[in-house]
>>> print(open('my_file_21.cif').read())   # mmCIF, C-alpha atoms
data_final
#
loop_
_atom_site.label_atom_id
_atom_site.label_comp_id
_atom_site.auth_asym_id
_atom_site.auth_seq_id
_atom_site.Cartn_x
_atom_site.Cartn_y
_atom_site.Cartn_z
CA MET Y 1035 8.30 1.34 17.50
CA ARG Y 1036 10.42 0.58 14.45
CA ILE Y 1037 7.69 0.38 11.81
CA PRO Y 1038 7.22 4.09 11.07
CA ARG Y 1039 10.93 4.32 10.32
CA TYR Y 1040 10.34 2.91 6.88
CA LEU Y 1041 8.44 6.07 6.00
CA ALA Y 1042 11.65 7.96 6.71
CA ALA Y 1043 13.53 5.46 4.57
CA LEU Y 1044 11.07 5.99 1.75
CA ALA Y 1045 11.46 9.74 2.05
CA ALA Y 1046 15.23 9.31 1.90
CA ALA Y 1047 14.87 7.22 -1.25
CA LEU Y 1048 13.06 10.16 -2.82
CA ALA Y 1049 15.63 12.72 -1.65
CA SER Y 1050 17.29 13.01 -5.03
CA SER Y 1051 14.02 14.04 -6.62
CA ILE Y 1052 13.26 16.58 -3.90
CA ALA Y 1053 16.27 18.62 -5.01
CA LEU Y 1054 14.43 19.29 -8.27
CA ALA Y 1055 11.07 19.92 -6.60
CA SER Y 1056 8.66 22.40 -8.09
CA GLY Y 1057 5.34 22.21 -6.28
CA GLY Y 1058 2.54 20.14 -4.84
CA PRO Y 1059 1.22 20.11 -1.25
CA LEU Y 1060 4.64 19.25 0.19
CA GLY Y 1061 6.63 21.35 -2.26
CA ILE Y 1062 8.52 18.32 -3.57
CA ASP Y 1063 6.60 17.30 -6.69
CA HIS Y 1064 7.85 17.17 -10.25
CA ARG Y 1065 7.94 14.70 -13.10
CA LEU Y 1066 10.66 12.07 -13.13
CA HIS Y 1067 12.26 10.96 -16.37
CA TYR Y 1068 9.80 8.48 -17.89
CA ASP Y 1069 10.96 4.87 -17.61
CA ASN Y 1070 8.68 1.94 -18.37
CA SER Y 1071 11.43 -0.64 -18.81
CA GLY Y 1072 13.26 -3.24 -16.74
CA ILE Y 1073 12.09 -3.56 -13.16
CA TRP Y 1074 10.05 -0.38 -13.49
CA LYS Y 1075 7.69 -1.79 -16.12
CA ARG Y 1076 4.01 -1.29 -15.42
CA SER Y 1077 3.46 -5.02 -15.86
CA ASP Y 1078 5.88 -5.72 -13.00
CA GLN Y 1079 4.01 -3.25 -10.81
CA ASN Y 1080 0.80 -5.13 -11.58
CA VAL Y 1081 2.44 -8.43 -10.65
CA LEU Y 1082 3.35 -6.99 -7.25
CA MET Y 1083 -0.08 -5.47 -6.65
CA TYR Y 1084 -2.16 -8.47 -7.67
CA GLY Y 1085 0.34 -10.86 -6.12
CA THR Y 1086 -0.04 -9.03 -2.82
CA ILE Y 1087 -3.83 -9.23 -3.01
CA LEU Y 1088 -3.81 -12.94 -3.85
CA THR Y 1089 -1.23 -13.76 -1.19
CA VAL Y 1090 -3.05 -11.92 1.58
CA ALA Y 1091 -6.57 -13.03 0.64
CA GLY Y 1092 -5.52 -16.58 -0.14
CA GLY Y 1093 -3.44 -16.85 3.00
CA ALA Y 1094 -6.28 -15.57 5.17
CA LEU Y 1095 -8.67 -18.17 3.76
CA ALA Y 1096 -6.10 -20.96 3.91
CA PHE Y 1097 -4.84 -20.38 7.44
CA GLY Y 1098 -7.94 -18.96 9.12
CA ASP Y 1099 -7.40 -17.26 12.46
CA GLN Y 1100 -6.42 -20.33 14.45
CA ASP Y 1101 -2.84 -19.18 14.98
CA LYS Y 1102 -0.77 -16.02 14.96
CA PHE Y 1103 0.10 -16.23 11.27
CA GLY Y 1104 -3.51 -16.64 10.15
CA ASP Y 1105 -4.64 -13.90 12.51
CA THR Y 1106 -2.01 -11.58 11.01
CA MET Y 1107 -3.21 -12.46 7.52
CA TRP Y 1108 -6.73 -11.36 8.43
CA ARG Y 1109 -5.42 -8.12 9.92
CA SER Y 1110 -3.60 -7.53 6.66
CA VAL Y 1111 -6.88 -8.06 4.81
CA ASP Y 1112 -8.53 -5.48 7.09
CA ALA Y 1113 -5.74 -2.99 6.47
CA MET Y 1114 -5.77 -3.40 2.70
CA VAL Y 1115 -9.54 -3.10 2.34
CA ILE Y 1116 -10.03 -0.16 4.67
CA SER Y 1117 -7.01 1.82 3.50
CA SER Y 1118 -7.98 1.24 -0.15
CA ILE Y 1119 -11.45 2.62 0.52
CA GLY Y 1120 -9.88 5.62 2.19
CA ALA Y 1121 -7.45 6.18 -0.68
CA GLN Y 1122 -10.24 6.00 -3.24
CA ALA Y 1123 -12.34 8.48 -1.26
CA MET Y 1124 -9.38 10.86 -1.25
CA LYS Y 1125 -8.94 10.44 -5.00
CA TYR Y 1126 -12.53 11.49 -5.62
CA THR Y 1127 -12.16 14.35 -3.14
CA PHE Y 1128 -8.89 15.88 -4.38
CA GLN Y 1129 -9.17 14.98 -8.10
CA ARG Y 1130 -5.51 15.54 -8.84
CA GLU Y 1131 -4.14 15.02 -12.33
CA ARG Y 1132 -1.36 12.48 -12.78
CA PRO Y 1133 2.10 13.32 -14.15
CA SER Y 1134 0.99 11.52 -17.31
CA GLN Y 1135 -1.81 14.09 -17.67
CA THR Y 1136 0.02 17.30 -16.81
CA SER Y 1137 3.47 18.65 -15.99
CA ASN Y 1138 1.99 20.88 -13.28
CA PRO Y 1139 1.84 19.16 -9.86
CA ASN Y 1140 -0.69 21.70 -8.57
CA GLU Y 1141 -3.60 20.55 -10.73
CA PHE Y 1142 -6.24 19.57 -8.14
CA PHE Y 1143 -10.06 19.43 -8.40
CA LYS Y 1144 -10.00 18.70 -12.14
CA GLY Y 1145 -12.81 16.16 -12.24
CA THR Y 1146 -13.25 12.49 -11.39
CA HIS Y 1147 -10.97 11.47 -14.27
CA ALA Y 1148 -8.07 12.88 -12.22
CA GLN Y 1149 -7.18 10.36 -9.51
CA SER Y 1150 -3.52 10.79 -8.69
CA PHE Y 1151 -3.69 11.68 -4.98
CA PRO Y 1152 -2.86 9.48 -3.14
CA SER Y 1153 -1.38 6.34 -4.69
CA ALA Y 1154 -3.84 3.53 -4.03
CA GLU Y 1155 -1.27 0.87 -4.89
CA VAL Y 1156 1.36 2.15 -2.49
CA THR Y 1157 -1.38 2.52 0.13
CA ALA Y 1158 -2.54 -1.07 -0.28
CA ILE Y 1159 0.94 -2.61 -0.30
CA ALA Y 1160 2.05 -0.61 2.74
CA ALA Y 1161 -1.14 -1.65 4.51
CA ALA Y 1162 -0.58 -5.30 3.63
CA VAL Y 1163 2.95 -5.55 5.02
CA THR Y 1164 2.55 -3.43 8.16
CA PRO Y 1165 0.66 -5.99 10.29
CA PHE Y 1166 3.40 -8.54 9.61
CA MET Y 1167 6.10 -6.12 10.71
CA ALA Y 1168 4.08 -5.27 13.82
CA ALA Y 1169 3.57 -8.94 14.67
CA TYR Y 1170 6.98 -10.38 13.84
CA GLY Y 1171 9.46 -7.52 13.48
CA ASP Y 1172 10.79 -7.42 17.03
CA ASP Y 1173 11.58 -11.13 17.09
CA HIS Y 1174 12.53 -11.45 13.43
CA PRO Y 1175 14.06 -8.16 12.19
CA ALA Y 1176 14.41 -9.56 8.68
CA VAL Y 1177 10.65 -9.04 8.35
CA TYR Y 1178 11.33 -5.31 8.05
CA ALA Y 1179 12.69 -6.05 4.58
CA LEU Y 1180 9.02 -6.06 3.53
CA THR Y 1181 9.33 -2.27 3.48
CA LEU Y 1182 11.13 -2.72 0.16
CA LEU Y 1183 7.82 -3.66 -1.49
CA PRO Y 1184 5.95 -0.35 -1.02
CA ALA Y 1185 9.23 1.54 -1.51
CA TYR Y 1186 9.79 -0.16 -4.87
CA ASP Y 1187 6.21 0.45 -5.95
CA ALA Y 1188 6.45 4.11 -4.95
CA VAL Y 1189 9.49 4.69 -7.14
CA ALA Y 1190 8.06 2.63 -10.00
CA ARG Y 1191 4.77 4.53 -9.99
CA MET Y 1192 6.67 7.82 -10.26
CA LYS Y 1193 8.95 6.57 -13.02
CA THR Y 1194 5.98 5.53 -15.16
CA ARG Y 1195 4.33 8.89 -14.36
CA GLY Y 1196 1.40 7.39 -12.53
CA HIS Y 1197 2.01 9.49 -9.42
CA TRP Y 1198 3.78 12.47 -7.92
CA GLN Y 1199 6.17 12.28 -4.97
CA SER Y 1200 3.56 13.46 -2.46
CA ASP Y 1201 1.06 10.91 -3.82
CA VAL Y 1202 3.26 7.98 -2.88
CA LEU Y 1203 4.39 9.42 0.46
CA VAL Y 1204 0.82 10.09 1.58
CA GLY Y 1205 -0.22 6.66 0.31
CA ALA Y 1206 2.57 5.02 2.32
CA ALA Y 1207 1.58 6.98 5.43
CA LEU Y 1208 -2.10 6.08 5.02
CA GLY Y 1209 -1.38 2.39 4.48
CA THR Y 1210 1.00 2.24 7.41
CA GLY Y 1211 -1.40 4.04 9.73
CA VAL Y 1212 -4.31 1.77 8.90
CA GLY Y 1213 -2.00 -1.25 9.09
CA LEU Y 1214 -0.94 -0.31 12.62
CA TRP Y 1215 -4.58 0.21 13.59
CA ALA Y 1216 -5.48 -3.23 12.22
CA ALA Y 1217 -2.48 -4.84 13.92
CA HIS Y 1218 -3.47 -3.54 17.36
CA ARG Y 1219 -7.20 -4.30 17.27
CA GLN Y 1220 -8.43 -6.90 19.74
CA SER Y 1221 -9.46 -9.10 16.81
CA PRO Y 1222 -9.62 -8.90 13.00
CA LEU Y 1223 -12.52 -6.74 11.85
CA ILE Y 1224 -13.74 -8.29 8.58
CA LEU Y 1225 -13.48 -11.84 9.93
CA GLY Y 1226 -15.80 -10.85 12.75
CA TRP Y 1227 -18.41 -9.65 10.25
CA LEU Y 1228 -18.64 -13.06 8.57
CA PRO Y 1229 -21.39 -15.49 9.66
CA GLY Y 1230 -20.42 -17.23 12.88
CA GLY Y 1231 -16.94 -15.80 12.60
CA PHE Y 1232 -16.71 -17.84 9.37
CA GLN Y 1233 -14.63 -20.81 10.40
CA VAL Y 1234 -11.99 -20.77 7.73
CA GLY Y 1235 -8.57 -22.30 7.49
CA PHE Y 1236 -8.16 -24.99 4.86
CA VAL Y 1237 -4.68 -25.77 6.16
CA HIS Y 1238 -6.15 -26.63 9.57
CA HIS Y 1239 -9.31 -28.39 8.36
CA PHE Y 1240 -7.53 -30.69 5.95
CA LYS Y 1241 -4.57 -31.74 8.04
CA PRO Y 1242 -3.97 -35.51 7.60
#
>>> encode(input="my_file_21.cif", output="structure tokens")
Amino acid sequence: MRIPRYLAALAAALASSIALASGGPLGIDHRLHYDNSGIWKRSDQNVLMYGTILTVAGGALAFGDQDKFGDTMWRSVDAMVISSIGAQAMKYTFQRERPSQTSNPNEFFKGTHAQSFPSAEVTAIAAAVTPFMAAYGDDHPAVYALTLLPAYDAVARMKTRGHWQSDVLVGAALGTGVGLWAAHRQSPLILGWLPGGFQVGFVHHFKP
């Protein structure tokens, strides 16, 4: 399967920082030079994160599960929600301080104010794109370009000192794993919890 390869690509993108590594659970963590300008601006990261949420949630409601695209949208919703819950649980468990809070990447269990590990944003974005790559990647390889979204966010979060290298790598792995799980379920999970399967799909209901 091609999908996990993007984790290797993400690791390769971080290779230059590994050379300067100083600690953390994978031995690769250190602060990057702070950069909150250009494409790395925090506001641009927010656009990507909230844009992903709106696209996935809006698309799921608009298309329903009447076709492959709508079904994939709902699987993406499943992946984002479940992986985000998992990431938040890990944050409260490991309580790691962010690079903006300390220069020491080994500061774990410092209280609930410390929520660096893992990156919830990278987790959610990786989770959102994985079902689409699983569904369409073999027939349309260009879909694998979606890996650029979590890869960009990973680098941007490190540049603005929101996360360490291991934070974003673990987040990407978590999001991808849950995304693959959601993609291979017999049916979307959250949609099945809604009353009567919740017949959604504005695009289908309002066709002329």
>>> atom_distance(input="my_file_21.cif", atom1="CA of Thr1164 (chain Y)", atom2="CA of Leu1095 (chain Y)")
19.0 Å
>>> resolve_selection(input="my_file_21.cif", expression="the PyMOL selection byres ((chain Y and resi 1120-1125) around 8)", output="NGL selection string")
:Y and (1116-1119 or 1126-1130 or 1146 or 1148-1154 or 1157 or 1205 or 1208)
>>> closest_atom_pairs(input="my_file_21.cif", of="region 1060-1114 of chain Y", to="region 1168-1184 of chain Y", cutoff="12 Å", atoms="all atoms listed in the file", output="CSV")
residue,atom,partner,partner_atom,distance
Y:Asp1078,CA,Y:Leu1183,CA,11.9
Y:Gln1079,CA,Y:Leu1183,CA,10.1
Y:Val1081,CA,Y:Leu1183,CA,11.6
Y:Leu1082,CA,Y:Leu1183,CA,8.0
Y:Met1083,CA,Y:Leu1183,CA,9.6
Y:Gly1085,CA,Y:Leu1183,CA,11.4
Y:Thr1086,CA,Y:Leu1183,CA,9.6
Y:Lys1102,CA,Y:Ala1169,CA,8.3
Y:Phe1103,CA,Y:Ala1169,CA,8.8
Y:Gly1104,CA,Y:Ala1169,CA,11.4
Y:Asp1105,CA,Y:Ala1169,CA,9.8
Y:Thr1106,CA,Y:Ala1169,CA,7.2
Y:Met1107,CA,Y:Ala1169,CA,10.5
Y:Arg1109,CA,Y:Ala1169,CA,10.2
Y:Ser1110,CA,Y:Ala1168,CA,10.7
>>> closest_residue(input="my_file_21.cif", among="Y:Leu1223, Y:Ala1091, Y:Leu1228, Y:Leu1060", to="Val1204 (chain Y)", atoms="all atoms listed in the file")
Y:Leu1060
>>> atom_distance(input="my_file_21.cif", atom1="CA of Leu1203 (chain Y)", atom2="CA of Ala1161 (chain Y)")
13.0 Å
>>> residues_around(input="my_file_21.cif", residues="Gly1092 (chain Y)", least_positions_apart="2", cutoff="12 Å", atoms="all atoms listed in the file", output="ChimeraX atom specification")
/Y:1084-1090,1094-1098,1104,1107-1108,1110-1111,1234-1237
>>> residues_around(input="my_file_21.cif", residues="Pro1059 (chain Y)", least_positions_apart="5", cutoff="9 Å", atoms="only C-alpha atoms", output="list in words")
Pro1139, Asn1140 and Ser1200 of chain Y
>>> closest_residue(input="my_file_21.cif", among="Y:Ala1160, Y:Leu1066, Y:Ile1073, Y:Met1114", to="Ala1207 (chain Y)", atoms="only C-alpha atoms")
Y:Ala1160
>>> atom_distance(input="my_file_21.cif", atom1="CA of Arg1195 (chain Y)", atom2="CA of Thr1210 (chain Y)")
23.0 Å
